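Data first, discussion second: the structure below is written as C-alpha cells.
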Amino acid sequence: MSFIRIYGLFLRHFYLITRSFPRILDLIYWPSIQITLWGFISNFFASHTTYYNNAVGVILTCAILYDFLFRTSIGFNMLFLEEIWSRNFTNLFIAPIKISEIIISLISTALIRALIGLVPAILLTSPLFGISILDLGIHLFFLFLSLYLFGITLGILVSAGLLRFGPSFENIAWSTMFLLAPFGCIYYPIEILPDFFKTVAYMLPLVYIFEEARNILINNSVNFENILNAFYLNGVYLIIAISLFYYSFSKARKKGTLINIGE
Amino acid sequence: MKNLVEVKNLKKNYGLKEAVKNISFSIKENEILGLLGPNGSGKTTTIGMLLGLLKPTNGEILVDGKKIEDNRIEILKKINFISPYIELPKKLTVKQNLIVYCKLYNVLNIKKRIEYLVEKLKLEDLLNNVTGELSSGQKNRVSLAKALINNPSVLFLDEPTASLDPEIGDYVRSFLESYKKEKKISILLASHNMSEVTRLCKKVLMMKDGIIIDEGVPEELIKKHGRKNLEEVFLKLSRN
C-alpha cells in the first residue's frame with residue numbers, strides 16, 4: 001500500500017473542491033439546512049401538539065405542494081443540465097434560437113415533467129391515506145400556479161448560475177429547494193421562526209402559499225391577501241431571474257463559458 | 001468572388017490575457033480557408049467569435065455583409081459548426097436528433113431535408129439507432145448531417161476528422177469536397193492534419209499567440225519557407 005498514491009488520489013478530489021466555490025458551499029450548507037429545517041419542525045411539534053388534530057391531511061397536502069415546487073424547479077434545471085452532460089450545449093447556442101425561446105421552451109417542458117410526477121401522487125393519497133388535495137377546492141389552482149411560477153423562477157436563477165459559472169454550479173441546482181425549505185414554512189406556521197428568519201420568510205412567496213394551504217384546510221376560509229402577496233412576489237422574482245439569465249448569457253459570451261461548458 | 005465572411009481587427013481578451021490580437025481575414029464564397037496553429041494559438045477563440053458564442057473585445061465580424069453582434073440570430077440561420085468536442089444528445093435516436101435540429105433551424109420540409117442528408121451521408125441504417133451507441137465514425141457522419149441541416153452558406157469545421165480512422169477520415173474529406181462543389185458553400189477548416197489542409201484548402205492562415213503570422217496558398221507557403229510540405233512549414237513557424 002502506497003500512502004503517496006492514496007495522497008495523490010486525495011489531492012485529485014481536494015483540488016477539485018478548493019478550486020470551486022459552489023462545491024465548498026455545497027459541503028457547508030447541506031448539514032446546516034437539514035439541522036435548521038428539522039430543528040424548526042421538532043420545535044413546532046413539541047410546543048403545538050394539538051395544531052394538526054383536526055386536519056390530518058395538512059402535512060400530506062403541504063408535502064405534495066412542496067413536491068410540485070421541487071419537481072418544477074429541478075425539472076427546469078435538469079433540462080439545462082442534460083444539455084451540458086450530453087455535450088450538446090454548444091450546438092444549442094449556435095442554433096438560431098433566442099434566449100426568450102429557450103426560457104419558454106424549458107418552462108413548458110418543466111411543467112409537463114412536474115405534472116407527470118404529480119398526478120400519480122395525488123391519485124395515490126386518496127386510496128392510501130383517505131386524503132385528497134382537491135379539498136383545497138378551486139384555490140388549489142392558484143396555489144399550484146404560484147408554486148409553478150416560483151419553481152421556474154428558481155430554475156431560471158440556477159440555470160443563469162450554470163451559464164455564468166459552468167458545471168461547478170450543478171450542486172447548487174440540486175439543493176436550492178432545500179436551502180429555502182426552512183424559510184418556506186412548509187410544515188409549520190411562520191410564528192415558529194426566530195425574528196430574523198421571519199423577515200427572510202416574508203420576502204418569499206412560499207410562506208404565503210403554505211400559510212394559505214393550511215388556512216384553507218384547517219379554518220375552511222380563504223385569505224386572498226396571501227394568494228395575492230405570493231403572486232406579487234413571484235412576479236418580482238421572475239423578472240429578476242429572467243434579467244439575470246440574460247445578464248449571465250452576456251457574461252458567458254464575454255468569459256467563454258459557452259465554449260468550455262461541456263468539456 | 002465576394003467575401004462571405006469578413007473579420008476586421010478582431011481582438012479577444014480574457015481578463016489580462018490577450019487570446020486574439022487584432023486579426024483580419026476574409027472567407028470568399030465557395031472557398032475553403034484553412035486555419036492552422038499550435039494549441040493555444042487562438043483558433044478556437046476565433047471560431048467561437050465567428051459562431052457568436054464569444055463576444056469580441058474589439059473589432060467586428062460580418063457575415064454576408066451583416067455584423068454578427070447586431071444580427072446574431074439571423075446569421076446563425078446561415079452558418080453551422082462541427083467539432084469532435086461537441087456532441088448530439090446521446091439518448092435520442094439519430095432521427096429524433098435530426099428532427100429536433102430541423103425544428104431549431106426552422107427547416108420547412110423536414111422529411112425531404114432528412115431524406116437528402118440520409119442519402120448523402122449514408123445514414124439509412126442508423127436512423128433508428130440511439131446516438132450514444134454509435135461508433136466514432138458513425139457519430140461523425142450524424143454530426144455532419146446536423147451541421148448541414150440548415151443548408152448553411154458558411155460551415156465552420158474544428159478538427160472534423162480528429163479521432164477518426166484513416167478510411168473514415170478520407171470519406172469525410174471526400175464528402176466535404178463534393179458537398180462544397182455541389183452547394184458552393186464557404187468553409188473555415190481548423191485542423192492539425194496538414195495533409196487534410198493541403199488537400200482541401202485553397203488558402204491557409206497560420207496563427208500563433210493570437211496573431212496571424214503568415215497566410216497564403218499552401219504550395220506557395222511551402223515554397224516561400226523552403227520546406228517540403230505544409231507540416232514542415234507549420235513546425236518552422238510554430239517553433240520560431
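By order of appearance in the C-alpha cells: chains A, B, ..., then residues from 1 within every chain, and ligands from 1 in the order shown.
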With a distance cut-off of 8 Å and only C-alpha atoms, select the neighbouring residues of Leu127 in chain B, excluding the residue or stretch itself and same-chain residues fewer than 2 positions from it, and output the selection as a CSV table (one decimal) with C-alpha atoms, in the first residue's frame.
```csv
chain,number,residue,atom,x,y,z
B,93,THR,CA,-32.1,8.3,-31.9
B,94,VAL,CA,-30.4,9.7,-34.9
B,95,LYS,CA,-33.7,10.5,-36.5
B,123,LEU,CA,-27.3,7.1,-42.6
B,124,GLU,CA,-30.2,4.8,-43.7
B,125,ASP,CA,-29.3,2.0,-41.3
B,129,ASN,CA,-30.2,3.8,-33.5
```
Please identify every residue of chain A that has at least one atom no more than 7 Å from any atom of chain B, counting only C-alpha atoms, and report them as a PyMOL selection string.
chain A and resi 86-88+90+94-97+253-256+258-259
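Among the candidate residues A:Ser248, A:Asn171, A:Thr153, A:Thr199, the one lying nearest to Gly235 in chain A is A:Thr153, with distances computed using only C-alpha atoms.
The list of residues with at least one atom within 8 Å of Leu69 in chain A, based on only C-alpha atoms and without residues fewer than 5 positions apart in the same chain, reads Leu147, Tyr148, Phe150 and Gly151 of chain A.
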Kindly save the residues from that selection, with N, CA and C atoms included, as a PDB file, in the first residue's frame.
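So the final result, stored in part-v1.pdb, reads:
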```
ATOM      1  N   LEU A 147     -46.830  28.209  -7.051  1.00  0.00           N
ATOM      2  CA  LEU A 147     -45.669  27.332  -6.826  1.00  0.00           C
ATOM      3  C   LEU A 147     -44.916  27.095  -8.125  1.00  0.00           C
ATOM      4  N   TYR A 148     -45.668  26.935  -9.197  1.00  0.00           N
ATOM      5  CA  TYR A 148     -45.066  26.722 -10.516  1.00  0.00           C
ATOM      6  C   TYR A 148     -44.202  27.930 -10.895  1.00  0.00           C
ATOM      7  N   PHE A 150     -42.836  30.111  -8.896  1.00  0.00           N
ATOM      8  CA  PHE A 150     -41.644  30.183  -8.052  1.00  0.00           C
ATOM      9  C   PHE A 150     -40.640  29.089  -8.436  1.00  0.00           C
ATOM     10  N   GLY A 151     -41.153  27.927  -8.782  1.00  0.00           N
ATOM     11  CA  GLY A 151     -40.293  26.809  -9.199  1.00  0.00           C
ATOM     12  C   GLY A 151     -39.489  27.170 -10.438  1.00  0.00           C
TER      13      GLY A 151
END
```
Excluding Pro218 in chain B and residues on its chain fewer than 5 positions from it, collect all residues at most 9 Å away from it, counting only C-alpha atoms, and give them as a list of chain:residue names.
B:Val197, B:Thr198, B:Cys201, B:Lys202, B:Lys203, B:Val204, B:Lys223, B:Asn229, B:Leu230
Atoms kept (C-alpha atoms) for selection, written as a CSV table (one decimal), in the first residue's frame:
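So again10.csv came out as:
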```csv
chain,number,residue,atom,x,y,z
B,197,VAL,CA,-5.5,21.1,-45.1
B,198,THR,CA,-3.2,20.8,-48.2
B,201,CYS,CA,-7.8,24.4,-48.7
B,202,LYS,CA,-7.1,26.9,-51.4
B,203,LYS,CA,-5.7,29.3,-48.8
B,204,VAL,CA,-4.4,28.9,-45.2
B,223,LYS,CA,8.0,27.3,-51.5
B,229,ASN,CA,5.4,20.2,-47.1
B,230,LEU,CA,2.9,22.2,-45.0
```
